[in-house]
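Novice: What follows is my_file-v5.txt, made up of compact mmCIF, C-alpha atoms:
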# COMPACT_ATOMS: atom_id res chain seq x y z
CA MET A 710 0.00 0.00 0.00
CA ASN A 711 1.17 3.49 -0.81
CA LYS A 712 0.17 6.87 0.57
CA ILE A 713 -1.09 9.44 -1.92
CA GLN A 714 -2.04 13.09 -1.60
CA GLY A 715 -4.62 13.67 1.10
CA GLY A 716 -3.44 10.73 3.20
CA ILE A 717 -5.61 8.15 1.42
CA ILE A 718 -4.17 4.66 1.26
CA LYS A 719 -3.90 3.66 -2.36
CA LEU A 720 -4.31 -0.02 -3.08
CA ILE A 721 -3.41 -1.67 -6.35
CA ILE A 722 -6.28 -3.94 -7.37
CA GLY A 723 -5.83 -6.48 -10.15
CA ILE A 724 -8.56 -7.94 -12.36
CA PRO A 725 -7.32 -10.90 -14.42
CA LYS A 726 -9.12 -12.39 -17.39
CA GLU A 727 -11.01 -15.56 -16.43
CA ILE A 728 -9.58 -18.67 -18.09
CA LYS A 729 -11.76 -21.43 -16.65
CA ALA A 730 -13.40 -23.26 -19.56
CA GLY A 731 -16.41 -21.36 -20.90
CA GLU A 732 -16.17 -18.61 -18.27
CA GLY A 733 -17.26 -15.31 -19.81
CA ARG A 734 -17.72 -13.14 -16.74
CA VAL A 735 -15.45 -10.39 -15.50
CA VAL A 736 -15.56 -9.54 -11.82
CA LEU A 737 -16.20 -5.78 -12.08
CA THR A 738 -17.95 -3.60 -14.64
CA PRO A 739 -16.28 -0.39 -15.85
CA ALA A 740 -18.71 1.59 -13.67
CA SER A 741 -17.52 -0.17 -10.50
CA VAL A 742 -13.91 0.25 -11.55
CA GLU A 743 -14.47 3.97 -12.06
CA ASP A 744 -15.89 4.31 -8.54
CA LEU A 745 -12.89 2.51 -7.03
CA ILE A 746 -10.49 4.76 -8.91
CA SER A 747 -12.37 7.81 -7.63
CA LYS A 748 -11.57 6.62 -4.10
CA GLY A 749 -7.84 6.72 -4.85
CA HIS A 750 -7.16 3.11 -5.81
CA LYS A 751 -5.21 1.97 -8.83
CA ILE A 752 -6.80 -0.69 -11.03
CA TYR A 753 -4.96 -3.09 -13.33
CA VAL A 754 -7.16 -4.96 -15.80
CA GLU A 755 -5.80 -7.79 -17.92
CA THR A 756 -6.37 -7.14 -21.61
CA ASN A 757 -9.75 -8.40 -22.87
CA ALA A 758 -10.85 -9.39 -19.36
CA GLY A 759 -14.31 -8.00 -20.04
CA LYS A 760 -14.61 -8.75 -23.75
CA THR A 761 -16.92 -11.76 -23.54
CA ALA A 762 -19.21 -9.90 -21.13
CA GLY A 763 -19.43 -6.98 -23.56
CA PHE A 764 -16.95 -4.59 -21.90
CA ASP A 765 -13.93 -3.73 -24.05
CA ASN A 766 -10.52 -2.47 -22.99
CA ASN A 767 -11.32 1.09 -24.04
CA GLU A 768 -14.21 1.33 -21.58
CA TYR A 769 -11.95 0.46 -18.65
CA GLU A 770 -9.06 2.57 -19.91
CA ARG A 771 -11.23 5.62 -20.55
CA LEU A 772 -12.37 5.53 -16.93
CA GLY A 773 -8.83 5.39 -15.56
CA ALA A 774 -7.87 1.70 -15.38
CA ASN A 775 -4.51 0.45 -16.60
CA ILE A 776 -4.68 -2.36 -19.16
CA LEU A 777 -1.93 -4.95 -18.72
CA SER A 778 -0.92 -7.37 -21.43
CA SER A 779 -0.40 -10.48 -19.32
CA LYS A 780 -1.91 -12.32 -16.39
CA ARG A 781 1.49 -12.55 -14.70
CA LYS A 782 1.81 -8.75 -14.69
CA VAL A 783 -1.61 -8.41 -13.06
CA TYR A 784 -0.80 -10.89 -10.28
CA GLU A 785 2.73 -9.67 -9.63
CA SER A 786 1.81 -5.96 -9.65
CA SER A 787 -1.29 -6.08 -7.43
CA ASP A 788 -1.87 -5.95 -3.67
CA LEU A 789 -5.30 -7.51 -4.10
CA VAL A 790 -6.58 -9.67 -6.97
CA VAL A 791 -10.33 -9.83 -7.45
CA LYS A 792 -11.71 -12.40 -9.85
CA VAL A 793 -14.84 -14.46 -10.48
CA LYS A 794 -13.76 -18.10 -10.22
CA GLU A 795 -11.08 -19.96 -8.31
CA PRO A 796 -7.57 -19.97 -9.79
CA VAL A 797 -6.94 -22.77 -12.28
CA LYS A 798 -3.74 -24.66 -13.08
CA GLU A 799 -2.12 -21.84 -15.06
CA GLU A 800 -2.51 -19.43 -12.12
CA LEU A 801 -1.38 -21.54 -9.19
CA ASP A 802 2.28 -20.49 -9.32
CA TYR A 803 1.28 -16.94 -8.41
CA PHE A 804 0.33 -17.89 -4.85
CA ASN A 805 3.58 -18.01 -2.92
CA PRO A 806 2.17 -16.05 -1.15
CA GLY A 807 1.08 -13.74 -3.98
CA PRO A 808 -1.52 -11.00 -3.61
CA VAL A 809 -4.54 -11.24 -1.34
CA LEU A 810 -7.25 -13.03 -3.33
CA PHE A 811 -10.99 -12.27 -3.25
CA SER A 812 -13.02 -14.66 -5.41
CA PHE A 813 -15.49 -17.53 -5.52
CA LEU A 814 -13.47 -20.47 -4.17
CA HIS A 815 -15.63 -23.39 -2.89
CA LEU A 816 -12.60 -24.89 -1.16
CA ALA A 817 -14.57 -27.66 0.55
CA ALA A 818 -14.63 -29.41 -2.83
CA ASN A 819 -11.02 -28.60 -3.78
CA ARG A 820 -8.26 -30.07 -1.63
CA ASN A 821 -5.48 -29.31 -4.11
CA LEU A 822 -6.23 -25.60 -4.27
CA THR A 823 -6.52 -25.40 -0.49
CA LYS A 824 -3.09 -27.04 -0.17
CA ILE A 825 -1.62 -24.55 -2.67
CA PHE A 826 -2.82 -21.67 -0.47
CA ILE A 827 -1.47 -23.35 2.66
CA ASP A 828 1.95 -24.06 1.16
CA GLY A 829 2.17 -20.57 -0.34
CA LYS A 830 1.17 -18.93 2.96
CA SER A 831 -1.49 -17.05 1.03
CA THR A 832 -4.47 -15.05 2.29
CA VAL A 833 -7.72 -15.67 0.44
CA LEU A 834 -11.29 -14.56 0.97
CA ALA A 835 -14.26 -16.24 -0.69
CA PHE A 836 -17.30 -14.44 -2.07
CA GLU A 837 -19.58 -17.30 -1.04
CA SER A 838 -18.35 -17.16 2.58
CA ILE A 839 -19.27 -13.51 3.12
CA THR A 840 -22.23 -13.84 5.49
CA LEU A 841 -24.55 -11.29 7.06
CA ASN A 842 -26.13 -11.51 10.52
CA ASP A 843 -29.24 -13.13 9.05
CA ASN A 844 -27.03 -15.89 7.57
CA THR A 845 -27.58 -14.75 3.98
CA ALA A 846 -24.69 -14.66 1.51
CA PRO A 847 -25.11 -11.36 -0.35
CA ILE A 848 -22.46 -11.93 -3.04
CA LEU A 849 -23.50 -15.52 -3.70
CA ILE A 850 -27.24 -14.80 -3.96
CA PRO A 851 -27.28 -13.16 -7.42
CA MET A 852 -25.25 -16.00 -8.93
CA SER A 853 -27.61 -18.52 -7.30
CA GLU A 854 -30.52 -16.68 -8.90
CA VAL A 855 -28.89 -16.94 -12.32
CA ALA A 856 -27.89 -20.59 -11.85
CA GLY A 857 -31.36 -21.56 -10.64
CA ARG A 858 -33.14 -20.00 -13.61
CA MET A 859 -30.52 -21.35 -15.96
CA ALA A 860 -30.92 -24.89 -14.57
CA THR A 861 -34.49 -24.98 -15.80
CA VAL A 862 -33.57 -23.49 -19.19
CA MET A 863 -30.75 -25.97 -19.73
CA GLY A 864 -32.75 -28.90 -18.44
CA ALA A 865 -35.72 -28.11 -20.67
CA ASN A 866 -33.42 -27.92 -23.69
CA LEU A 867 -31.65 -31.18 -22.85
CA LEU A 868 -34.99 -33.01 -22.77
CA SER A 869 -35.33 -32.49 -26.53
CA THR A 870 -34.53 -35.48 -28.75
CA HIS A 871 -31.93 -33.32 -30.54
CA ASN A 872 -29.99 -33.52 -27.28
CA LYS A 873 -30.80 -37.23 -26.82
CA GLY A 874 -33.41 -36.41 -24.18
CA ALA A 875 -36.77 -38.06 -23.63
CA GLY A 876 -38.57 -35.67 -25.99
CA ILE A 877 -40.77 -34.20 -23.25
CA LEU A 878 -41.85 -30.55 -23.40
CA LEU A 879 -42.14 -29.35 -19.83
CA GLY A 880 -45.30 -27.35 -20.47
CA GLY A 881 -46.97 -30.20 -22.35
CA SER A 882 -49.78 -29.28 -24.74
CA SER A 883 -53.59 -29.24 -24.76
CA GLY A 884 -54.75 -32.62 -23.54
CA VAL A 885 -51.14 -33.84 -23.10
CA PRO A 886 -49.40 -34.30 -19.72
CA LYS A 887 -46.93 -31.71 -18.51
CA GLY A 888 -43.39 -32.64 -17.62
CA ASN A 889 -42.41 -33.18 -13.99
CA VAL A 890 -39.70 -30.98 -12.51
CA VAL A 891 -38.38 -31.88 -9.06
CA VAL A 892 -36.10 -29.42 -7.27
CA ILE A 893 -33.99 -30.65 -4.34
CA GLY A 894 -33.50 -27.73 -1.97
CA GLY A 895 -35.61 -24.62 -1.52
CA GLY A 896 -32.93 -21.96 -1.15
CA THR A 897 -32.25 -19.15 -3.59
CA ALA A 898 -31.25 -21.39 -6.50
CA GLY A 899 -34.08 -23.83 -5.82
CA TYR A 900 -36.68 -21.08 -5.60
CA ASN A 901 -35.55 -19.61 -8.90
CA ALA A 902 -35.41 -22.99 -10.64
CA ALA A 903 -38.91 -23.81 -9.45
CA THR A 904 -40.49 -20.52 -10.48
CA ALA A 905 -38.82 -20.72 -13.90
CA ALA A 906 -40.16 -24.26 -14.39
CA TYR A 907 -43.63 -23.20 -13.24
CA GLY A 908 -43.50 -20.36 -15.74
CA LEU A 909 -42.90 -22.92 -18.49
CA GLY A 910 -46.02 -24.78 -17.41
CA ALA A 911 -44.41 -27.81 -15.76
CA ASN A 912 -45.59 -29.76 -12.75
CA VAL A 913 -43.17 -28.55 -10.09
CA THR A 914 -42.24 -30.01 -6.71
CA ILE A 915 -39.65 -28.63 -4.28
CA ILE A 916 -38.20 -30.98 -1.68
CA GLU A 917 -36.89 -29.04 1.30
CA LYS A 918 -35.60 -30.06 4.74
CA ASN A 919 -36.19 -26.96 6.85
CA ILE A 920 -39.79 -26.64 8.03
CA ASP A 921 -39.55 -22.87 8.49
CA ARG A 922 -38.34 -22.54 4.91
CA ILE A 923 -41.19 -24.78 3.76
CA ARG A 924 -43.71 -22.49 5.45
CA TYR A 925 -42.08 -19.41 3.95
CA LEU A 926 -42.04 -20.88 0.44
CA GLY A 927 -45.69 -21.86 0.88
CA GLU A 928 -46.51 -18.21 1.50
CA ILE A 929 -44.61 -16.71 -1.44
CA LEU A 930 -44.78 -19.34 -4.20
CA PRO A 931 -47.67 -19.91 -6.61
CA LYS A 932 -50.09 -22.45 -5.20
CA GLY A 933 -49.42 -24.72 -8.16
CA ILE A 934 -45.91 -25.49 -6.85
CA SER A 935 -45.84 -28.37 -4.36
CA ILE A 936 -43.41 -28.23 -1.42
CA MET A 937 -42.60 -31.51 0.28
CA LYS A 938 -40.59 -32.31 3.38
CA SER A 939 -37.30 -33.98 2.60
CA ASN A 940 -37.24 -37.59 3.77
CA SER A 941 -36.21 -40.87 2.19
CA GLN A 942 -39.72 -41.82 1.12
CA ASN A 943 -40.47 -38.50 -0.55
CA LEU A 944 -37.08 -38.42 -2.23
CA ARG A 945 -37.54 -41.88 -3.73
CA ARG A 946 -41.07 -41.14 -4.88
CA TYR A 947 -40.45 -37.77 -6.50
CA VAL A 948 -37.03 -38.51 -7.99
CA GLU A 949 -38.52 -41.55 -9.75
CA SER A 950 -41.25 -39.37 -11.25
CA ALA A 951 -38.95 -36.55 -12.41
CA ASN A 952 -38.36 -35.79 -16.06
CA LEU A 953 -36.03 -33.02 -14.90
CA LEU A 954 -34.30 -33.27 -11.52
CA ILE A 955 -32.52 -30.13 -10.28
CA GLY A 956 -30.18 -30.34 -7.29
CA THR A 957 -29.61 -27.09 -5.40
CA VAL A 958 -28.61 -28.17 -1.87
CA TYR A 959 -26.11 -25.75 -0.37
CA ILE A 960 -24.49 -25.92 3.08
CA PRO A 961 -22.32 -22.83 3.63
CA ASN A 962 -18.57 -23.49 3.42
CA SER A 963 -19.12 -27.26 3.37
CA LYS A 964 -19.09 -30.02 0.80
CA ALA A 965 -22.61 -30.77 -0.41
CA PRO A 966 -24.12 -34.02 0.91
CA HIS A 967 -25.38 -36.65 -1.54
CA ILE A 968 -29.11 -36.27 -0.98
CA VAL A 969 -30.03 -38.26 -4.09
CA THR A 970 -28.46 -41.73 -4.21
CA ARG A 971 -27.39 -43.73 -7.25
CA ASP A 972 -30.31 -46.12 -6.70
CA MET A 973 -32.71 -43.18 -6.87
CA VAL A 974 -31.13 -42.06 -10.15
CA LYS A 975 -31.49 -45.62 -11.49
CA SER A 976 -35.24 -45.38 -10.86
CA MET A 977 -35.63 -42.40 -13.20
CA ARG A 978 -36.98 -42.87 -16.69
CA LYS A 979 -34.45 -43.34 -19.47
CA ASN A 980 -33.22 -40.07 -21.03
CA SER A 981 -34.48 -37.94 -18.17
CA VAL A 982 -32.24 -35.03 -17.16
CA ILE A 983 -30.35 -34.05 -14.01
CA VAL A 984 -28.92 -30.56 -13.47
CA ASP A 985 -26.78 -30.40 -10.32
CA VAL A 986 -26.35 -26.74 -9.41
CA ALA A 987 -24.57 -27.82 -6.21
CA ILE A 988 -21.64 -29.25 -8.17
CA ASP A 989 -19.45 -26.28 -7.14
CA GLN A 990 -19.51 -27.78 -3.66
CA GLY A 991 -19.13 -31.37 -4.85
CA GLY A 992 -22.73 -31.99 -5.93
CA CYS A 993 -25.81 -33.20 -4.04
CA ILE A 994 -26.49 -36.16 -6.34
CA GLU A 995 -24.34 -39.27 -6.03
CA THR A 996 -23.89 -39.72 -9.79
CA SER A 997 -22.78 -36.12 -10.37
CA LYS A 998 -19.26 -35.21 -11.46
CA PRO A 999 -17.94 -31.82 -12.58
CA THR A 1000 -18.30 -30.83 -16.24
CA SER A 1001 -17.50 -27.67 -18.19
CA HIS A 1002 -19.27 -25.48 -20.71
CA ILE A 1003 -17.11 -27.12 -23.38
CA ASN A 1004 -18.21 -30.68 -22.49
CA SER A 1005 -21.27 -30.03 -20.39
CA THR A 1006 -23.08 -33.37 -20.24
CA TYR A 1007 -22.61 -37.09 -19.79
CA VAL A 1008 -24.92 -40.07 -19.34
CA GLU A 1009 -24.95 -42.13 -16.15
CA GLU A 1010 -27.59 -44.77 -15.32
CA ASP A 1011 -29.34 -43.81 -18.61
CA VAL A 1012 -29.90 -40.26 -17.31
CA ILE A 1013 -28.39 -37.14 -18.90
CA HIS A 1014 -26.32 -35.17 -16.38
CA TYR A 1015 -25.47 -31.47 -16.66
CA CYS A 1016 -22.99 -30.55 -13.90
CA VAL A 1017 -21.16 -27.42 -15.04
CA THR A 1018 -19.23 -25.82 -12.18
CA ASN A 1019 -19.56 -22.25 -13.44
CA MET A 1020 -23.06 -22.12 -14.85
CA PRO A 1021 -23.57 -18.31 -14.78
CA GLY A 1022 -20.48 -17.93 -17.00
CA ALA A 1023 -22.69 -18.84 -19.97
CA TYR A 1024 -24.64 -15.59 -19.52
CA PRO A 1025 -21.74 -13.27 -18.79
CA ARG A 1026 -23.35 -9.88 -19.36
CA THR A 1027 -26.22 -10.46 -16.94
CA SER A 1028 -24.03 -12.32 -14.45
CA THR A 1029 -21.24 -9.73 -14.51
CA GLU A 1030 -23.60 -6.85 -13.86
CA ALA A 1031 -25.31 -8.72 -11.02
CA LEU A 1032 -22.03 -9.83 -9.43
CA SER A 1033 -20.34 -6.45 -9.72
CA GLU A 1034 -23.24 -4.57 -8.11
CA ASN A 1035 -23.48 -6.96 -5.17
CA LEU A 1036 -19.73 -7.34 -4.66
CA TYR A 1037 -18.85 -3.65 -4.81
CA PRO A 1038 -19.94 -2.57 -1.27
CA TYR A 1039 -17.84 -5.30 0.34
CA LEU A 1040 -14.86 -4.64 -1.89
CA VAL A 1041 -14.96 -0.97 -0.92
CA GLU A 1042 -14.85 -1.95 2.75
CA LEU A 1043 -12.00 -4.40 2.13
CA VAL A 1044 -9.83 -1.69 0.54
CA SER A 1045 -10.62 1.06 3.05
CA GLU A 1046 -7.95 3.17 4.74
CA GLU A 1047 -6.99 0.59 7.37
CA SER A 1048 -4.56 -2.30 7.03
CA LEU A 1049 -6.11 -5.66 6.14
CA ASP A 1050 -5.65 -6.94 9.69
CA GLU A 1051 -7.38 -3.89 11.15
CA ILE A 1052 -10.22 -4.16 8.63
CA LEU A 1053 -10.79 -7.80 9.49
CA LYS A 1054 -10.64 -7.15 13.22
CA SER A 1055 -13.34 -4.49 13.02
CA ASN A 1056 -15.54 -5.94 10.26
CA GLU A 1057 -17.32 -9.17 11.17
CA VAL A 1058 -18.86 -9.60 7.72
CA LEU A 1059 -15.53 -9.42 5.89
CA ARG A 1060 -13.93 -11.61 8.55
CA SER A 1061 -16.49 -14.30 7.71
CA GLY A 1062 -15.09 -14.40 4.18
CA VAL A 1063 -11.55 -15.43 5.14
CA ASN A 1064 -10.89 -19.03 4.09
CA VAL A 1065 -7.09 -19.11 4.44
CA TYR A 1066 -5.04 -16.52 6.32
CA LYS A 1067 -1.30 -16.48 5.71
CA GLY A 1068 -1.41 -20.18 4.94
CA LYS A 1069 -3.66 -21.18 7.85
CA VAL A 1070 -7.11 -22.65 7.15
CA THR A 1071 -9.78 -20.61 8.94
CA LEU A 1072 -12.91 -22.52 7.87
CA LYS A 1073 -13.62 -25.51 10.07
CA PRO A 1074 -15.66 -27.44 7.46
CA VAL A 1075 -12.74 -27.20 5.01
CA ALA A 1076 -10.19 -28.22 7.63
CA ASP A 1077 -12.36 -31.15 8.71
CA GLU A 1078 -13.03 -32.27 5.14
CA PHE A 1079 -9.34 -32.64 4.30
CA GLY A 1080 -7.71 -33.20 7.69
CA PHE A 1081 -6.01 -29.79 7.83
CA ILE A 1082 -5.45 -27.90 11.07
CA PHE A 1083 -8.26 -25.44 11.81
CA ASN A 1084 -7.32 -21.97 13.01
CA ASP A 1085 -9.88 -19.49 14.36
CA ILE A 1086 -9.41 -16.25 12.43
CA ASN A 1087 -10.03 -14.27 15.64
CA ASP A 1088 -6.92 -15.84 17.17
CA LEU A 1089 -4.76 -14.94 14.17
CA LEU A 1090 -5.50 -11.22 13.97
When written as C-alpha cells, how does the structure in this file appear?

Specialist:
Amino acid sequence: MNKIQGGIIKLIIGIPKEIKAGEGRVVLTPASVEDLISKGHKIYVETNAGKTAGFDNNEYERLGANILSSKRKVYESSDLVVKVKEPVKEELDYFNPGPVLFSFLHLAANRNLTKIFIDGKSTVLAFESITLNDNTAPILIPMSEVAGRMATVMGANLLSTHNKGAGILLGGSSGVPKGNVVVIGGGTAGYNAATAAYGLGANVTIIEKNIDRIRYLGEILPKGISIMKSNSQNLRRYVESANLLIGTVYIPNSKAPHIVTRDMVKSMRKNSVIVDVAIDQGGCIETSKPTSHINSTYVEEDVIHYCVTNMPGAYPRTSTEALSENLYPYLVELVSEESLDEILKSNEVLRSGVNVYKGKVTLKPVADEFGFIFNDINDLL
C-alpha cells in the first residue's frame, strides 16, 4: 500500500481475465472500476478481461484503469486480486504467497487448491463465505438466482430429442401431460429454478428439509408449486417421477451431501435429465461429477447429467452486472484506509469471508473435510 495526496491509502487492485473453460464473466464492470479509482485506488485490468461480457478495454481505460498485457503482470503488480472463479492450473504459481485473493473459491470441494494456499502462505477470501447476521450470503445470492433459472432453461433444452433427451416438453400441450420438474432444496437457486419451471407450465415439486423454509415458500410461491418435506420416502417417490431433476442443496462453506443416491437415479426414466447446481460444492447427487461449458453433459444410469461448475459464466453480461453490483460494497470496505488486519478485526462480515489466512485454514468445514489444522481467524488477527 502506498500513501497518496490527502493521506488516502492507495491499493493496487488487479482484475485478471477468467480462463476457466467457458467462463465469460469479468468480476467488475467499468462503472464499478471507475468508482474505485475515484476513491484513490489503482486498477490493473488484464487485456480483454471484459470482452466476452461486452466490456472492451477502451471502456476500462477511458475511466482510468490500466490495461496490462499479461496475467502474470496483473498478479505480480497487485496488492489484491479480485476475480470471479477460483484460480486454475495456469494461475497456481502466483500464490507463494502472492496478492490477497478475493473470489469464488468453494474450497470444501477442492483439496489441491486449499493445499496450494497453505503451502504458499497465502491469504484468500471467498465471495460465497461472506455472510450477514441473518445468515444470507449477499455476493452468492445473485449467482444462485442466475444458476437456478438457468438450470431450468438448460434442463428443458436437454430433454429435446436433438440432445438425446426423452422428448418431453415441460409445459406439455392441450390434452397432453406436462413434464415433472423436481427441485432438491428450496434456497435461492431452488426457488428460482422452481419458479422458472412453473412459468414454463411444468408440474413442479420442491423438496426441502427446513420446516420454516417450507412455510415461507408456501406463503410466497404460486399455489401450483408443491413443497414436500425432505425424507427418504419423498425423495424416492419424486425422484422416480422426475423428467427433470434439479439439485440445489447448499451448506455454507461445506461439501454438499449426496441427498439423491445412485439407486434413486437408477429409478428415473431413461433419457431424463439431471442438473446439479450444487456441483461447485461437490454436488448433491451421487452420480454427479464436474463438467465444463465445453463438455457439459454425460450419461450415467441412462440419465443425462449437466454438472457445469460455473453455470452463470454462460450468460456473462447479466451475471457480470449482477455480481459487480453486489460485490462492490464489500470490496470498498475491504480496501478502506486501514490495514487488512485492522479491517478484518473491526468488520465481522468481511472476517467471515476469510478461508485461508497467511497459509492457515480458517474454515472448520474445510479443515475437517481434508484433515487440515483449523485456526480461528479471531486468534490470528

Novice: Using only C-alpha atoms, find the one residue out of A:Gly992, A:Gly884, A:Pro808, A:Pro739 that sits nearest to Val791 in chain A.

Specialist: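 Of A:Gly992, A:Gly884, A:Pro808, A:Pro739, the one nearest Val791 in chain A, counting only C-alpha atoms, is A:Pro808.
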
Novice: At a cut-off of 9 Å, using all atoms listed in the file, what residues contact Leu777 in chain A? Leave out same-chain residues fewer than 5 positions from it and give the result as a PyMOL selection string.

Specialist: chain A and resi 753-756+782-783

Novice: Please report the interatomic distance between CA of Asn775 in chain A and CA of Ser747 in chain A in Å with one decimal.

Specialist: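 Separating CA of Asn775 in chain A from CA of Ser747 in chain A is a distance of 14.0 Å.
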
Novice: Give me the residues near Thr914 in chain A as a PyMOL selection string, where near means some atom within 7 Å (using all atoms listed in the file) and where sequence neighbours in that chain fewer than 6 positions away do not count.

Specialist: chain A and resi 890-892+934-936

Novice: CA of Ile1052 in chain A and CA of Glu785 in chain A, how far apart in Å?

Specialist: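 Taking CA of Glu785 in chain A and CA of Ile1052 in chain A, their separation equals 23.1 Å.
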
Novice: For a test of reading the model, state the distance in Å between CA of Val797 in chain A and CA of Ala774 in chain A, rounded to one decimal.

Specialist: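 Atom-to-atom, CA of Val797 in chain A to CA of Ala774 in chain A, that is 24.7 Å.
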
Novice: Which one is closest to Leu814 in chain A: A:Glu1057, A:Ala856, A:Ile752, A:Val1065? Count only C-alpha atoms.

Specialist: A:Val1065

Novice: Skip Ile850 in chain A itself and residues of its chain fewer than 3 positions away, then list as a PyMOL selection string all residues within 9 Å of it, counting only C-alpha atoms.

Specialist: chain A and resi 837+845-847+853-855+897-898+1035

Novice: Which centre and which edge lengths, in Å to one decimal, describe the axis-aligned box that holds all listed atoms of range 1066-1070 of chain A after 8 Å is added on each side, as AutoDock Vina command-line options?

Specialist:
--center_x -4.2 --center_y -19.6 --center_z 6.4 --size_x 21.8 --size_y 22.2 --size_z 18.9
